[in-house]
Amino acid sequence: MIASDDLGKKGEHRFSELCADAGLIVNGSKDCDKAGWDFSIDFDFDEDENGVLDQRSSPLSCRVQQKTILDKNNKVVLPLKMAERLAKFAGPAYISVLKVADDLSFTAMYLMHIDERYLEKILRRLREEAIKGKGIKNKTISFKLLEEDGIAMSGVSLMKAMREAIGKDPFAYAARKQGLLKSVGYKDRAITARMKIVGAGSSKLGDMFLGLSESIDVSKFELWDERFGLSLKLKTFDSGKLSIEPIQSDEWGLVLKRLGQPPARLSANICRSGIVNDKRVNLKCAHFSMLFDFNSRPPNVKFTFDIAGVQTNVDEWVNYWRLADALRCRDGGLEVQSESGVTALAFDLKNINFDKLQIEFFKKSKGILGLFEALSSVLNYCNGGHQIKFDYDSAVSCSDTIMFLDGALAGGNFKANSKLDLDRIDKEDFIREGVGAMFVNYFILGEIRLAYFLKGVTTSSVIGDEGTICMSGLSIADMRVVNDQEGYDSFVANCQRQGIDGFAFIGNYMDLIDPLIGSYD
């Protein structure tokens with residue numbers, strides 16, 4: 001019987017001969033395969049590859065662990081550490097197995113490519129040993145020989161089998177193998193956490209999923225990594241704070257439907273609680289959020305007014321205040337719809353419970369809705385006006401101007417007492433009745449300056465240094481965005497050029513008439 005070491009050397013010599021037969025470059029390990037391999041194999045450049053020399057592909061290379069066993073055996077045994085090195089080598093790795101008969105003649109050859117099948121076996125065994133926590137020194141792993149790994153005992157067959165497994169691009173092979181090393185044995189949720197919630201029930205955890213709270217106190221926090229169905233504890237913390245980023249659905253629409261009014265739609269995201277039996281849904285819009293608690297019948301709804309810093313266009317603002325007014329009246333229905341129009345939730349506003357604070361807020365909505373509806377009408381006269389984005393405070397700060405312009409559009413008579421600069425205004429124009437008049441001014445909405453040009457008929461009287469002006473039949477002749485003072489001056493000059501045919505220009509005098517104070521009939 002030949003000694004084990006001599007049997008191994010016999011197989012290594014035979015493998016080297018086969019590589020030489022195929023013209024492969026063989027480099028043997030000089031350190032008794034402590035690095036996990038016996039041979040490093042390099043292929044020659046592909047002479048048949050088209051293209052210039054500096055652009056041809058890198059030659060293939062791989063590592064091989066040679067095992068020689070008696071013909072009666074049907075498995076090979078490797079030190080686990082050696083198998084780990086083969087598995088985690090960045091390039092192709094093989095286990096070559098040669099069988100010998102009792103008369104020491106070679107009878108069969110197998111080439112085991114460390115691909116996904118063998119990677120899974122090696123990595124699973126490593127995970128099992130990691131859980132035991134005793135290391136892998138002196139541990140072994142066995143592989144059963146498979147018929148599909150058998151090849152003819154020739155250099156040509158050996159080279160062909162290696163080439164087919166590696167492919168033509170060694171870099172693509174390496175990337176694919178690294179991907180397998182990271183993914184084999186894992187399911188969708190590889191990392192799990194276990195903890196105790198301090199002083200709070202499951203509802204507090206649900207609050208974070210809904211985006212209602214930022215963090216909660218936890219103790220005995222443990223991180224576990226699950227692979228091949230085997231869990232390994234990674235870290236433990238005695239105490240800490242847990243934060244969860246709410247998982248928001250794709251953008252939905254909150255649609256308000258009221259009798260006699262067109263539907264109002266607001267963009268929204270939906271957050272659901274991840275806790276079993278927690279039937280709460282948080283619908284978040286740019287201006288507000290609505291927390292629906294379907295655990296009660298009728299459902300409780302908490303409406304949170306949150307518009308600080310929100311900038312959006314006038315249509316979104318109008319729809320928002322229309323919703324607030326509908327909630328005030330508890331009139332109409334709400335639907336949560338997908339972009340394709342599929343309704344996910346639908347409920348009647350009269351079947352929703354609100355607390356007293358929310359009801360008090362809704363009572364204020366009627367007057368505010370009127371302001372934003374007036375602004376919407378005014379911006380119809382400005383090219384791109386409905387795309388201008390602004391915040392709530394910006395609109396409220398110029399509310400008198402907005403209502404004045406809306407009144408002018410309605411054909412009302414605007415009246416205002418003002419101080420006249422009689423050196424700049426022709427008294428005769430204001431003493432006569434039925435004089436065509438023009439008025440130019442601007443207001444600031446967000447970061448945009450909006451200049452407007454009104455035409456109407458004026459009558460006035462002068463008593464000493466003061467006068468009363470009444471403008472009627474007003475209409476907006478022009479409105480546009482002006483970027484700066486120079487742009488506004490250009491707008492005024494253009495309006496002045498239209499001050500002919502008996503029109504008196506009374507605009508651009510901030511001390512002439514204050515359009516923020518007055519009334520219209």
# chains A, B, ... in the order shown; residues from 1 in each chain; ligands from 1
$ closest_atom_pairs --of "segment 244-330 of chain A" --to "segment 437-450 of chain A" --cutoff "12 Å" --atoms "only C-alpha atoms" --output "CSV"
residue,atom,partner,partner_atom,distance
A:Gly309,CA,A:Gly446,CA,10.8
A:Val310,CA,A:Gly446,CA,10.9
A:Gln311,CA,A:Gly446,CA,8.3
A:Thr312,CA,A:Gly446,CA,9.9
A:Asn313,CA,A:Gly446,CA,10.4
A:Val314,CA,A:Leu445,CA,10.7
$ write_last_selection --atoms "C-alpha atoms" --output "PDB file, in the first residue's frame"
ATOM      1  CA  GLY A 309     -42.194  76.677   5.549  1.00  0.00           C
ATOM      2  CA  VAL A 310     -44.357  74.835   3.001  1.00  0.00           C
ATOM      3  CA  GLN A 311     -44.168  76.415  -0.445  1.00  0.00           C
ATOM      4  CA  THR A 312     -46.569  75.324  -3.144  1.00  0.00           C
ATOM      5  CA  ASN A 313     -48.749  76.795  -5.877  1.00  0.00           C
ATOM      6  CA  VAL A 314     -52.108  78.479  -5.485  1.00  0.00           C
TER       7      VAL A 314
END
$ select_by_dssp --residues "segment 309-396 of chain A" --states "strand (DSSP E)" --output "VMD selection string"
chain A and resid 333 to 337 343 to 348
$ closest_residue --among "A:Ser142, A:Ser394, A:Thr68, A:Ser338" --to "Phe106 of chain A" --atoms "only C-alpha atoms"
A:Thr68
$ select_by_dssp --residues "segment 52-87 of chain A" --states "helix (DSSP H, G or I)" --output "ChimeraX atom specification"
/A:53-55,80-87
